[in-house]
file data14.cif (mmCIF, C-alpha atoms and all ligand atoms)
data_run
#
loop_
_atom_site.group_PDB
_atom_site.id
_atom_site.type_symbol
_atom_site.label_atom_id
_atom_site.label_comp_id
_atom_site.auth_asym_id
_atom_site.auth_seq_id
_atom_site.Cartn_x
_atom_site.Cartn_y
_atom_site.Cartn_z
ATOM 1 C CA MET A 9 43.553 -12.051 1.216
ATOM 2 C CA ALA A 10 43.711 -14.351 4.257
ATOM 3 C CA THR A 11 45.959 -17.308 3.449
ATOM 4 C CA LEU A 12 46.265 -19.191 6.748
ATOM 5 C CA GLY A 13 43.940 -21.384 8.838
ATOM 6 C CA ASN A 14 44.900 -24.650 7.177
ATOM 7 C CA LYS A 15 47.546 -27.277 7.778
ATOM 8 C CA ARG A 16 49.424 -26.867 4.506
ATOM 9 C CA ASN A 17 50.029 -23.118 4.569
ATOM 10 C CA THR A 18 50.810 -23.220 8.289
ATOM 11 C CA THR A 19 53.433 -25.933 7.721
ATOM 12 C CA ASP A 20 54.895 -24.047 4.738
ATOM 13 C CA ILE A 21 55.420 -20.768 6.605
ATOM 14 C CA ILE A 22 56.802 -22.510 9.696
ATOM 15 C CA GLN A 23 59.307 -24.469 7.601
ATOM 16 C CA LYS A 24 60.259 -21.435 5.542
ATOM 17 C CA HIS A 25 61.192 -19.528 8.715
ATOM 18 C CA GLN A 26 62.564 -22.631 10.496
ATOM 19 C CA PHE A 27 60.292 -21.813 13.397
ATOM 20 C CA ASP A 28 60.452 -24.098 16.450
ATOM 21 C CA PHE A 29 57.265 -24.328 18.538
ATOM 22 C CA ARG A 30 57.827 -23.316 22.125
ATOM 23 C CA LYS A 31 55.742 -25.288 24.582
ATOM 24 C CA LYS A 32 56.383 -22.782 27.356
ATOM 25 C CA PHE A 33 54.457 -20.165 25.356
ATOM 26 C CA GLY A 34 51.434 -22.429 24.824
ATOM 27 C CA GLN A 35 51.883 -22.423 21.048
ATOM 28 C CA ASN A 36 49.095 -24.377 19.377
ATOM 29 C CA PHE A 37 48.211 -22.738 16.092
ATOM 30 C CA LEU A 38 44.737 -22.937 14.638
ATOM 31 C CA ILE A 39 44.578 -24.928 11.379
ATOM 32 C CA ASP A 40 40.815 -25.167 10.902
ATOM 33 C CA LYS A 41 39.181 -22.593 8.658
ATOM 34 C CA GLY A 42 35.655 -23.449 9.888
ATOM 35 C CA ILE A 43 36.567 -22.710 13.510
ATOM 36 C CA LEU A 44 38.431 -19.569 12.482
ATOM 37 C CA GLU A 45 35.312 -18.270 10.721
ATOM 38 C CA LYS A 46 33.139 -19.239 13.687
ATOM 39 C CA ILE A 47 35.330 -17.103 15.994
ATOM 40 C CA ILE A 48 35.244 -14.162 13.587
ATOM 41 C CA GLU A 49 31.465 -14.420 13.239
ATOM 42 C CA SER A 50 30.892 -14.723 17.019
ATOM 43 C CA ALA A 51 32.998 -11.632 17.710
ATOM 44 C CA ASN A 52 30.525 -9.461 15.721
ATOM 45 C CA ILE A 53 33.249 -7.240 14.308
ATOM 46 C CA THR A 54 32.451 -3.996 12.475
ATOM 47 C CA PRO A 55 34.736 -1.580 10.589
ATOM 48 C CA ASP A 56 34.447 0.786 13.585
ATOM 49 C CA ASP A 57 36.046 -1.715 15.954
ATOM 50 C CA CYS A 58 39.496 -1.763 17.466
ATOM 51 C CA ILE A 59 40.474 -5.358 18.237
ATOM 52 C CA LEU A 60 43.064 -6.486 20.750
ATOM 53 C CA GLU A 61 44.450 -9.885 19.798
ATOM 54 C CA ILE A 62 46.511 -11.674 22.431
ATOM 55 C CA GLY A 63 49.110 -14.033 20.952
ATOM 56 C CA PRO A 64 48.714 -13.734 17.157
ATOM 57 C CA GLY A 65 51.161 -16.638 16.515
ATOM 58 C CA ILE A 66 51.809 -16.690 12.748
ATOM 59 C CA GLY A 67 48.895 -14.316 12.115
ATOM 60 C CA THR A 68 46.128 -16.797 11.252
ATOM 61 C CA MET A 69 43.367 -14.939 13.074
ATOM 62 C CA THR A 70 45.042 -11.552 12.655
ATOM 63 C CA GLN A 71 44.578 -11.644 8.875
ATOM 64 C CA ARG A 72 40.830 -12.205 9.218
ATOM 65 C CA LEU A 73 40.506 -9.664 12.040
ATOM 66 C CA ALA A 74 42.264 -7.069 9.881
ATOM 67 C CA GLU A 75 39.782 -7.737 7.079
ATOM 68 C CA GLU A 76 36.765 -7.137 9.331
ATOM 69 C CA ALA A 77 37.871 -4.466 11.826
ATOM 70 C CA GLY A 78 39.021 -0.856 11.553
ATOM 71 C CA GLU A 79 42.144 -1.590 13.532
ATOM 72 C CA VAL A 80 43.924 -4.554 15.120
ATOM 73 C CA VAL A 81 46.534 -4.414 17.870
ATOM 74 C CA ALA A 82 48.216 -7.784 18.443
ATOM 75 C CA VAL A 83 50.522 -8.490 21.391
ATOM 76 C CA GLU A 84 52.936 -11.403 20.855
ATOM 77 C CA ILE A 85 55.619 -12.457 23.361
ATOM 78 C CA ASP A 86 57.757 -14.622 21.059
ATOM 79 C CA LYS A 87 60.246 -12.539 19.079
ATOM 80 C CA ASN A 88 60.813 -15.452 16.688
ATOM 81 C CA LEU A 89 57.264 -14.955 15.395
ATOM 82 C CA ILE A 90 57.754 -11.295 14.481
ATOM 83 C CA PRO A 91 59.453 -11.902 11.072
ATOM 84 C CA ILE A 92 56.677 -14.370 10.229
ATOM 85 C CA LEU A 93 53.993 -11.832 11.189
ATOM 86 C CA ASP A 94 55.783 -9.189 9.095
ATOM 87 C CA GLU A 95 55.365 -11.502 6.110
ATOM 88 C CA THR A 96 51.822 -12.823 6.703
ATOM 89 C CA LEU A 97 50.443 -9.361 7.543
ATOM 90 C CA ALA A 98 52.339 -7.412 4.869
ATOM 91 C CA ASP A 99 49.119 -6.704 2.942
ATOM 92 C CA TYR A 100 47.321 -5.125 5.917
ATOM 93 C CA ASP A 101 47.969 -1.526 6.942
ATOM 94 C CA ASN A 102 45.622 -1.544 9.952
ATOM 95 C CA VAL A 103 47.602 -3.951 12.161
ATOM 96 C CA THR A 104 50.047 -2.992 14.923
ATOM 97 C CA ILE A 105 52.206 -5.761 16.373
ATOM 98 C CA ILE A 106 53.611 -5.272 19.869
ATOM 99 C CA ASN A 107 56.360 -7.708 20.854
ATOM 100 C CA GLU A 108 55.624 -7.893 24.597
ATOM 101 C CA ASP A 109 54.231 -10.060 27.359
ATOM 102 C CA ILE A 110 50.496 -9.346 27.624
ATOM 103 C CA LEU A 111 50.717 -9.605 31.419
ATOM 104 C CA LYS A 112 53.293 -6.808 31.495
ATOM 105 C CA VAL A 113 51.960 -4.292 28.960
ATOM 106 C CA ASP A 114 49.677 -1.501 30.053
ATOM 107 C CA ILE A 115 46.530 -2.426 28.112
ATOM 108 C CA ASN A 116 44.720 0.727 29.216
ATOM 109 C CA ARG A 117 47.480 2.774 27.607
ATOM 110 C CA ILE A 118 47.184 0.760 24.377
ATOM 111 C CA VAL A 119 43.443 1.466 24.326
ATOM 112 C CA ASP A 120 44.067 5.194 24.896
ATOM 113 C CA GLU A 121 46.612 5.278 22.083
ATOM 114 C CA HIS A 122 44.120 3.649 19.716
ATOM 115 C CA GLY A 123 41.147 5.930 20.111
ATOM 116 C CA GLY A 124 40.049 5.166 23.696
ATOM 117 C CA LYS A 125 36.769 3.442 22.703
ATOM 118 C CA PRO A 126 35.813 0.107 24.292
ATOM 119 C CA ILE A 127 37.738 -2.613 22.485
ATOM 120 C CA LYS A 128 36.865 -6.167 21.524
ATOM 121 C CA VAL A 129 39.352 -8.808 22.608
ATOM 122 C CA VAL A 130 39.607 -11.768 20.247
ATOM 123 C CA ALA A 131 42.180 -14.478 20.852
ATOM 124 C CA ASN A 132 43.224 -18.083 20.826
ATOM 125 C CA LEU A 133 44.748 -17.750 24.277
ATOM 126 C CA PRO A 134 47.930 -19.402 25.501
ATOM 127 C CA TYR A 135 46.409 -21.879 27.961
ATOM 128 C CA TYR A 136 49.062 -21.550 30.677
ATOM 129 C CA ILE A 137 47.950 -17.995 31.487
ATOM 130 C CA THR A 138 44.245 -17.944 30.547
ATOM 131 C CA THR A 139 42.980 -17.066 34.023
ATOM 132 C CA PRO A 140 45.478 -14.241 34.791
ATOM 133 C CA ILE A 141 44.781 -12.686 31.378
ATOM 134 C CA ILE A 142 41.008 -12.681 31.875
ATOM 135 C CA MET A 143 41.220 -11.502 35.473
ATOM 136 C CA SER A 144 43.589 -8.665 34.583
ATOM 137 C CA LEU A 145 41.364 -7.449 31.716
ATOM 138 C CA PHE A 146 38.438 -7.156 34.124
ATOM 139 C CA GLU A 147 40.221 -6.085 37.295
ATOM 140 C CA LYS A 148 42.195 -3.351 35.537
ATOM 141 C CA HIS A 149 38.923 -2.062 34.121
ATOM 142 C CA VAL A 150 40.134 -2.162 30.547
ATOM 143 C CA PRO A 151 37.340 -0.527 28.483
ATOM 144 C CA LEU A 152 35.909 -3.672 26.928
ATOM 145 C CA HIS A 153 32.950 -4.385 24.766
ATOM 146 C CA SER A 154 33.402 -8.142 24.568
ATOM 147 C CA VAL A 155 35.952 -10.914 24.864
ATOM 148 C CA THR A 156 35.780 -13.794 22.371
ATOM 149 C CA ILE A 157 38.407 -16.372 23.207
ATOM 150 C CA MET A 158 39.481 -19.922 22.603
ATOM 151 C CA VAL A 159 40.325 -21.605 25.887
ATOM 152 C CA GLN A 160 40.681 -25.105 27.265
ATOM 153 C CA LYS A 161 37.220 -26.714 27.373
ATOM 154 C CA GLU A 162 37.357 -27.158 31.169
ATOM 155 C CA VAL A 163 38.187 -23.482 31.649
ATOM 156 C CA ALA A 164 35.239 -22.429 29.469
ATOM 157 C CA ASP A 165 33.006 -24.644 31.611
ATOM 158 C CA ARG A 166 34.389 -23.058 34.800
ATOM 159 C CA MET A 167 33.548 -19.583 33.537
ATOM 160 C CA LYS A 168 29.975 -20.555 32.760
ATOM 161 C CA VAL A 169 28.785 -22.735 35.669
ATOM 162 C CA GLY A 170 26.783 -21.690 38.724
ATOM 163 C CA PRO A 171 26.776 -22.778 42.394
ATOM 164 C CA GLY A 172 26.698 -26.404 43.455
ATOM 165 C CA THR A 173 28.928 -27.761 40.690
ATOM 166 C CA LYS A 174 32.508 -28.952 41.051
ATOM 167 C CA ASP A 175 33.793 -26.466 38.467
ATOM 168 C CA TYR A 176 32.288 -23.444 40.238
ATOM 169 C CA GLY A 177 34.915 -21.175 41.762
ATOM 170 C CA ALA A 178 36.689 -17.815 41.789
ATOM 171 C CA LEU A 179 36.959 -17.687 37.979
ATOM 172 C CA SER A 180 33.209 -18.340 37.507
ATOM 173 C CA LEU A 181 32.344 -15.561 39.933
ATOM 174 C CA ALA A 182 34.821 -13.043 38.518
ATOM 175 C CA VAL A 183 33.675 -13.607 34.939
ATOM 176 C CA GLN A 184 29.969 -13.553 35.828
ATOM 177 C CA TYR A 185 30.354 -10.393 37.916
ATOM 178 C CA TYR A 186 31.532 -8.455 34.868
ATOM 179 C CA ALA A 187 30.089 -10.279 31.882
ATOM 180 C CA LYS A 188 27.568 -12.698 30.454
ATOM 181 C CA PRO A 189 29.392 -15.851 29.292
ATOM 182 C CA GLU A 190 28.248 -17.923 26.338
ATOM 183 C CA ILE A 191 30.002 -20.970 24.874
ATOM 184 C CA VAL A 192 29.839 -20.656 21.100
ATOM 185 C CA ALA A 193 31.787 -23.694 19.883
ATOM 186 C CA ARG A 194 33.489 -26.858 21.068
ATOM 187 C CA VAL A 195 36.802 -27.372 19.324
ATOM 188 C CA PRO A 196 38.528 -30.768 19.065
ATOM 189 C CA ALA A 197 42.293 -31.044 19.600
ATOM 190 C CA GLU A 198 42.964 -31.898 15.934
ATOM 191 C CA CYS A 199 42.114 -28.322 14.912
ATOM 192 C CA PHE A 200 45.549 -27.205 16.168
ATOM 193 C CA MET A 201 49.179 -27.652 15.252
ATOM 194 C CA PRO A 202 50.780 -29.129 17.275
ATOM 195 C CA ARG A 203 47.817 -31.080 18.630
ATOM 196 C CA PRO A 204 47.262 -30.289 22.351
ATOM 197 C CA ASN A 205 46.281 -32.956 24.896
ATOM 198 C CA VAL A 206 42.935 -31.338 25.652
ATOM 199 C CA ASP A 207 39.876 -30.176 23.732
ATOM 200 C CA SER A 208 39.032 -26.485 23.582
ATOM 201 C CA ALA A 209 36.028 -24.213 23.411
ATOM 202 C CA VAL A 210 35.293 -20.737 22.136
ATOM 203 C CA ILE A 211 33.592 -18.615 24.759
ATOM 204 C CA ARG A 212 32.183 -15.119 24.361
ATOM 205 C CA LEU A 213 31.940 -12.771 27.324
ATOM 206 C CA ILE A 214 29.746 -9.749 26.753
ATOM 207 C CA ARG A 215 30.510 -7.048 29.303
ATOM 208 C CA TYR A 216 27.482 -5.856 31.277
ATOM 209 C CA GLU A 217 26.546 -2.234 30.794
ATOM 210 C CA GLU A 218 24.453 -2.447 33.964
ATOM 211 C CA PRO A 219 26.005 -5.166 36.142
ATOM 212 C CA PRO A 220 23.328 -7.267 37.895
ATOM 213 C CA VAL A 221 25.373 -7.231 41.127
ATOM 214 C CA MET A 222 27.423 -4.310 42.467
ATOM 215 C CA ALA A 223 29.671 -4.892 45.470
ATOM 216 C CA ASP A 224 30.599 -1.920 47.684
ATOM 217 C CA ASP A 225 34.265 -2.745 47.115
ATOM 218 C CA GLU A 226 35.160 -5.027 44.181
ATOM 219 C CA GLU A 227 38.706 -5.699 45.318
ATOM 220 C CA TRP A 228 37.460 -6.813 48.711
ATOM 221 C CA LEU A 229 34.712 -8.959 47.132
ATOM 222 C CA PHE A 230 37.307 -10.883 45.128
ATOM 223 C CA ALA A 231 39.635 -11.219 48.113
ATOM 224 C CA VAL A 232 36.691 -12.826 49.974
ATOM 225 C CA VAL A 233 35.839 -15.033 46.978
ATOM 226 C CA ARG A 234 39.433 -16.239 46.566
ATOM 227 C CA ALA A 235 39.762 -17.035 50.267
ATOM 228 C CA SER A 236 36.440 -18.905 50.183
ATOM 229 C CA PHE A 237 37.712 -21.285 47.507
ATOM 230 C CA ASN A 238 41.336 -21.514 48.655
ATOM 231 C CA GLN A 239 40.681 -24.590 50.720
ATOM 232 C CA ARG A 240 37.880 -26.206 48.773
ATOM 233 C CA ARG A 241 37.252 -29.005 51.222
ATOM 234 C CA LYS A 242 36.948 -26.698 54.218
ATOM 235 C CA THR A 243 33.936 -24.672 55.205
ATOM 236 C CA LEU A 244 33.686 -21.098 54.048
ATOM 237 C CA ALA A 245 33.996 -19.894 57.662
ATOM 238 C CA ASN A 246 37.302 -21.757 57.994
ATOM 239 C CA GLY A 247 38.623 -20.432 54.701
ATOM 240 C CA LEU A 248 37.832 -16.825 55.551
ATOM 241 C CA ALA A 249 39.004 -16.959 59.170
ATOM 242 C CA ASN A 250 42.302 -18.586 58.077
ATOM 243 C CA ALA A 251 43.023 -16.048 55.338
ATOM 244 C CA GLY A 252 45.574 -13.719 56.938
ATOM 245 C CA ASN A 253 45.025 -10.961 54.352
ATOM 246 C CA LEU A 254 41.336 -10.544 55.262
ATOM 247 C CA ALA A 255 41.764 -10.013 59.015
ATOM 248 C CA VAL A 256 38.262 -11.228 59.887
ATOM 249 C CA SER A 257 37.612 -13.512 62.860
ATOM 250 C CA ARG A 258 35.721 -16.791 62.769
ATOM 251 C CA GLN A 259 33.110 -15.211 65.054
ATOM 252 C CA GLN A 260 32.581 -12.306 62.635
ATOM 253 C CA VAL A 261 32.133 -14.722 59.731
ATOM 254 C CA GLU A 262 29.762 -17.000 61.641
ATOM 255 C CA GLU A 263 27.622 -14.058 62.831
ATOM 256 C CA THR A 264 27.423 -12.764 59.258
ATOM 257 C CA LEU A 265 26.429 -16.140 57.840
ATOM 258 C CA ALA A 266 23.727 -16.462 60.511
ATOM 259 C CA LYS A 267 22.368 -12.995 59.648
ATOM 260 C CA MET A 268 22.157 -14.073 56.022
ATOM 261 C CA GLY A 269 20.251 -17.225 57.018
ATOM 262 C CA LEU A 270 23.111 -19.503 55.951
ATOM 263 C CA PRO A 271 24.420 -22.470 57.992
ATOM 264 C CA ILE A 272 27.853 -21.890 59.574
ATOM 265 C CA THR A 273 29.033 -25.092 57.871
ATOM 266 C CA VAL A 274 28.221 -23.784 54.376
ATOM 267 C CA ARG A 275 30.903 -24.164 51.680
ATOM 268 C CA GLY A 276 31.893 -21.515 49.176
ATOM 269 C CA GLU A 277 30.574 -23.532 46.248
ATOM 270 C CA ALA A 278 26.995 -23.180 47.579
ATOM 271 C CA LEU A 279 26.842 -19.380 47.444
ATOM 272 C CA THR A 280 25.535 -17.390 44.491
ATOM 273 C CA LEU A 281 27.249 -14.243 43.239
ATOM 274 C CA GLU A 282 24.544 -12.161 44.957
ATOM 275 C CA GLN A 283 25.233 -13.957 48.264
ATOM 276 C CA PHE A 284 28.991 -13.436 47.924
ATOM 277 C CA SER A 285 28.389 -9.767 47.281
ATOM 278 C CA GLU A 286 26.163 -9.466 50.355
ATOM 279 C CA LEU A 287 28.627 -11.446 52.503
ATOM 280 C CA SER A 288 31.548 -9.270 51.428
ATOM 281 C CA ASN A 289 29.586 -6.035 52.006
ATOM 282 C CA ARG A 290 28.595 -7.160 55.503
ATOM 283 C CA LEU A 291 32.142 -8.291 56.402
ATOM 284 C CA LEU A 292 33.534 -5.017 55.121
ATOM 285 C CA ARG A 293 31.219 -3.057 57.406
ATOM 286 C CA LYS A 294 32.169 -5.270 60.367
ATOM 287 C CA ARG A 295 35.869 -4.574 59.811
ATOM 288 C CA MET A 296 35.434 -0.803 59.768
HETATM 289 N N1 LIG B 1 46.550 -16.876 17.488
HETATM 290 C C1 LIG B 1 47.370 -17.949 16.992
HETATM 291 C C2 LIG B 1 46.491 -19.022 16.392
HETATM 292 O O1 LIG B 1 45.298 -19.034 16.687
HETATM 293 O O2 LIG B 1 46.996 -19.839 15.623
HETATM 294 C C3 LIG B 1 48.276 -18.528 18.085
HETATM 295 C C4 LIG B 1 47.585 -19.022 19.312
HETATM 296 S S1 LIG B 1 48.643 -19.879 20.442
HETATM 297 C C5 LIG B 1 47.465 -20.844 21.320
HETATM 298 C C6 LIG B 1 49.048 -18.673 21.695
HETATM 299 C C7 LIG B 1 49.954 -17.546 21.247
HETATM 300 O O3 LIG B 1 50.173 -16.677 22.369
HETATM 301 C C8 LIG B 1 51.330 -17.959 20.777
HETATM 302 O O4 LIG B 1 51.650 -17.249 19.610
HETATM 303 C C9 LIG B 1 52.270 -17.550 21.920
HETATM 304 O O5 LIG B 1 53.599 -17.283 21.506
HETATM 305 C C10 LIG B 1 51.542 -16.315 22.448
HETATM 306 N N2 LIG B 1 51.846 -15.999 23.858
HETATM 307 C C11 LIG B 1 52.140 -16.844 24.871
HETATM 308 N N3 LIG B 1 52.316 -16.194 26.035
HETATM 309 C C12 LIG B 1 52.121 -14.883 25.754
HETATM 310 C C13 LIG B 1 52.182 -13.703 26.541
HETATM 311 N N4 LIG B 1 52.471 -13.753 27.848
HETATM 312 N N5 LIG B 1 51.946 -12.506 25.945
HETATM 313 C C14 LIG B 1 51.669 -12.454 24.609
HETATM 314 N N6 LIG B 1 51.609 -13.540 23.812
HETATM 315 C C15 LIG B 1 51.825 -14.742 24.373
#
call {"tool": "encode", "arguments": {"input": "data14.cif", "output": "structure tokens", "more": "lines below"}}
Ligand code: SAM
result
Amino acid sequence: MATLGNKRNTTDIIQKHQFDFRKKFGQNFLIDKGILEKIIESANITPDDCILEIGPGIGTMTQRLAEEAGEVVAVEIDKNLIPILDETLADYDNVTIINEDILKVDINRIVDEHGGKPIKVVANLPYYITTPIIMSLFEKHVPLHSVTIMVQKEVADRMKVGPGTKDYGALSLAVQYYAKPEIVARVPAECFMPRPNVDSAVIRLIRYEEPPVMADDEEWLFAVVRASFNQRRKTLANGLANAGNLAVSRQQVEETLAKMGLPITVRGEALTLEQFSELSNRLLRKRM
């Protein structure tokens, strides 16, 4: 039976193993049972599911995931947590712990080794690498059903917002290209040990089966998007013309914007995902 998700049992196991929190690994363990259950419920887990958990910590969420899912694979970077996980997960025979850096493991291979079906990612993510983790899941085309994650509140907002807002940027566009984002809970800092300096949110990303927008070349689309937001205070034409990796001229960008009926002074934050897709398709054809 799940034993964690509260302050007392978390403190007990940490003291028993003389575990020292490592800030560099973004270690803030969940100590709120209500939020834990909210995450589990939002992830819609069935006994047929294979779950990938990123950063299991002491196993708080892992225990509950193992009770709901057919299989759980948890990737944890900190070797000092492995003896703790061995103890807290001793009663579960459907959990595999991999002591690796999630940014270095081949997630597609893990999925293949565990049945090859689309997986559900469920995690309280280490905040220092939230964006690279999400981007790599999507860009590497990991077979995903959904991603239910705890992230910094501001990052959840960035994933969700549309054009014309200050938080809108490359992360919003990447997430919304692949998935439908939905914020399912706001989580105050006191729900973690140690207490972080920021509030958090649980966000669920449901992968599109039929994406609403399909670029001719995804890699090129995101190169254009990144360059468009690289220099936020400059115009989009400046950002693209100055990005050495794109090799497009200012004239090519300005002609394309004019064809799309957009002013040459437009900024990246004004364009919708559909407009970015059209812009990137047109620029790609111009380069050929
Ligand atoms: N899931 C636990 C919980 O909710 O209490 C811990 C969450 S804590 C915010 C993030 C976890 O990710 C820590 O256990 C940390 O050691 C782990 N972690 C940090 N960087 C990682 C990486 N690159 N790869 C895998 N795990 C990582």
call {"tool": "axis_aligned_box", "arguments": {"input": "data14.cif", "around": "ligand LIG 1 (chain B)", "padding_each_side": "8 Å", "output": "JSON"}}
result
{"center_x": 49.4, "center_y": -16.6, "center_z": 21.7, "size_x": 24.3, "size_y": 24.4, "size_z": 28.2}
call {"tool": "residues_near_point", "arguments": {"input": "data14.cif", "point": "(25.9, -2.1, 31.0)", "cutoff": "12 Å", "atoms": "all atoms listed in the file", "output": "list in words"}}
result
Pro151, Leu152, His153, Ser154, Tyr185, Tyr186, Ala187, Lys188, Ile214, Arg215, Tyr216, Glu217, Glu218, Pro219, Pro220, Val221 and Met222 of chain A
call {"tool": "write_last_selection", "arguments": {"input": "data14.cif", "atoms": "C-alpha atoms", "output": "PDB file, keeping the file's coordinate frame"}}
result
ATOM      1  CA  PRO A 151      37.340  -0.527  28.483  1.00  0.00           C
ATOM      2  CA  LEU A 152      35.909  -3.672  26.928  1.00  0.00           C
ATOM      3  CA  HIS A 153      32.950  -4.385  24.766  1.00  0.00           C
ATOM      4  CA  SER A 154      33.402  -8.142  24.568  1.00  0.00           C
ATOM      5  CA  TYR A 185      30.354 -10.393  37.916  1.00  0.00           C
ATOM      6  CA  TYR A 186      31.532  -8.455  34.868  1.00  0.00           C
ATOM      7  CA  ALA A 187      30.089 -10.279  31.882  1.00  0.00           C
ATOM      8  CA  LYS A 188      27.568 -12.698  30.454  1.00  0.00           C
ATOM      9  CA  ILE A 214      29.746  -9.749  26.753  1.00  0.00           C
ATOM     10  CA  ARG A 215      30.510  -7.048  29.303  1.00  0.00           C
ATOM     11  CA  TYR A 216      27.482  -5.856  31.277  1.00  0.00           C
ATOM     12  CA  GLU A 217      26.546  -2.234  30.794  1.00  0.00           C
ATOM     13  CA  GLU A 218      24.453  -2.447  33.964  1.00  0.00           C
ATOM     14  CA  PRO A 219      26.005  -5.166  36.142  1.00  0.00           C
ATOM     15  CA  PRO A 220      23.328  -7.267  37.895  1.00  0.00           C
ATOM     16  CA  VAL A 221      25.373  -7.231  41.127  1.00  0.00           C
ATOM     17  CA  MET A 222      27.423  -4.310  42.467  1.00  0.00           C
TER      18      MET A 222
END
call {"tool": "residues_around", "arguments": {"input": "data14.cif", "residues": "region 110-115 of chain A", "least_positions_apart": "3", "cutoff": "12 Å", "atoms": "only C-alpha atoms", "output": "PyMOL selection string"}}
result
chain A and resi 33+59-64+81-86+105-107+118-122+124+126-127+129+131+133-134+137-152
call {"tool": "write_last_selection", "arguments": {"input": "data14.cif", "atoms": "C-alpha atoms", "output": "PDB file, in the coordinates of the input"}}
result
ATOM      1  CA  PHE A  33      54.457 -20.165  25.356  1.00  0.00           C
ATOM      2  CA  ILE A  59      40.474  -5.358  18.237  1.00  0.00           C
ATOM      3  CA  LEU A  60      43.064  -6.486  20.750  1.00  0.00           C
ATOM      4  CA  GLU A  61      44.450  -9.885  19.798  1.00  0.00           C
ATOM      5  CA  ILE A  62      46.511 -11.674  22.431  1.00  0.00           C
ATOM      6  CA  GLY A  63      49.110 -14.033  20.952  1.00  0.00           C
ATOM      7  CA  PRO A  64      48.714 -13.734  17.157  1.00  0.00           C
ATOM      8  CA  VAL A  81      46.534  -4.414  17.870  1.00  0.00           C
ATOM      9  CA  ALA A  82      48.216  -7.784  18.443  1.00  0.00           C
ATOM     10  CA  VAL A  83      50.522  -8.490  21.391  1.00  0.00           C
ATOM     11  CA  GLU A  84      52.936 -11.403  20.855  1.00  0.00           C
ATOM     12  CA  ILE A  85      55.619 -12.457  23.361  1.00  0.00           C
ATOM     13  CA  ASP A  86      57.757 -14.622  21.059  1.00  0.00           C
ATOM     14  CA  ILE A 105      52.206  -5.761  16.373  1.00  0.00           C
ATOM     15  CA  ILE A 106      53.611  -5.272  19.869  1.00  0.00           C
ATOM     16  CA  ASN A 107      56.360  -7.708  20.854  1.00  0.00           C
ATOM     17  CA  ILE A 118      47.184   0.760  24.377  1.00  0.00           C
ATOM     18  CA  VAL A 119      43.443   1.466  24.326  1.00  0.00           C
ATOM     19  CA  ASP A 120      44.067   5.194  24.896  1.00  0.00           C
ATOM     20  CA  GLU A 121      46.612   5.278  22.083  1.00  0.00           C
ATOM     21  CA  HIS A 122      44.120   3.649  19.716  1.00  0.00           C
ATOM     22  CA  GLY A 124      40.049   5.166  23.696  1.00  0.00           C
ATOM     23  CA  PRO A 126      35.813   0.107  24.292  1.00  0.00           C
ATOM     24  CA  ILE A 127      37.738  -2.613  22.485  1.00  0.00           C
ATOM     25  CA  VAL A 129      39.352  -8.808  22.608  1.00  0.00           C
ATOM     26  CA  ALA A 131      42.180 -14.478  20.852  1.00  0.00           C
ATOM     27  CA  LEU A 133      44.748 -17.750  24.277  1.00  0.00           C
ATOM     28  CA  PRO A 134      47.930 -19.402  25.501  1.00  0.00           C
ATOM     29  CA  ILE A 137      47.950 -17.995  31.487  1.00  0.00           C
ATOM     30  CA  THR A 138      44.245 -17.944  30.547  1.00  0.00           C
ATOM     31  CA  THR A 139      42.980 -17.066  34.023  1.00  0.00           C
ATOM     32  CA  PRO A 140      45.478 -14.241  34.791  1.00  0.00           C
ATOM     33  CA  ILE A 141      44.781 -12.686  31.378  1.00  0.00           C
ATOM     34  CA  ILE A 142      41.008 -12.681  31.875  1.00  0.00           C
ATOM     35  CA  MET A 143      41.220 -11.502  35.473  1.00  0.00           C
ATOM     36  CA  SER A 144      43.589  -8.665  34.583  1.00  0.00           C
ATOM     37  CA  LEU A 145      41.364  -7.449  31.716  1.00  0.00           C
ATOM     38  CA  PHE A 146      38.438  -7.156  34.124  1.00  0.00           C
ATOM     39  CA  GLU A 147      40.221  -6.085  37.295  1.00  0.00           C
ATOM     40  CA  LYS A 148      42.195  -3.351  35.537  1.00  0.00           C
ATOM     41  CA  HIS A 149      38.923  -2.062  34.121  1.00  0.00           C
ATOM     42  CA  VAL A 150      40.134  -2.162  30.547  1.00  0.00           C
ATOM     43  CA  PRO A 151      37.340  -0.527  28.483  1.00  0.00           C
ATOM     44  CA  LEU A 152      35.909  -3.672  26.928  1.00  0.00           C
TER      45      LEU A 152
END
call {"tool": "resolve_selection", "arguments": {"input": "data14.cif", "expression": "the PyMOL selection byres (((chain A and resi 41-49) around 7) and not hetatm)", "output": "JSON, numbers by chain"}}
result
{"A": [13, 14, 39, 40, 50, 51, 52, 69]}
call {"tool": "write_last_selection", "arguments": {"input": "data14.cif", "atoms": "C-alpha atoms", "output": "JSON list (two decimals), keeping the file's coordinate frame"}}
result
[["chain", "number", "residue", "atom", "x", "y", "z"],
["A", 13, "GLY", "CA", 43.94, -21.38, 8.84],
["A", 14, "ASN", "CA", 44.90, -24.65, 7.18],
["A", 39, "ILE", "CA", 44.58, -24.93, 11.38],
["A", 40, "ASP", "CA", 40.82, -25.17, 10.90],
["A", 50, "SER", "CA", 30.89, -14.72, 17.02],
["A", 51, "ALA", "CA", 33.00, -11.63, 17.71],
["A", 52, "ASN", "CA", 30.52, -9.46, 15.72],
["A", 69, "MET", "CA", 43.37, -14.94, 13.07]]
call {"tool": "closest_residue", "arguments": {"input": "data14.cif", "among": "A:Ile53, A:Leu292, A:Cys199, A:Ile191", "to": "ligand LIG 1 (chain B)", "atoms": "all atoms listed in the file"}}
result
A:Cys199
call {"tool": "resolve_selection", "arguments": {"input": "data14.cif", "expression": "the PyMOL selection byres (((chain A and resi 88) around 12) and not hetatm)", "output": "MDAnalysis selection string"}}
result
chainID A and resid 22 25:30 33 65:66 84:87 89:94 107
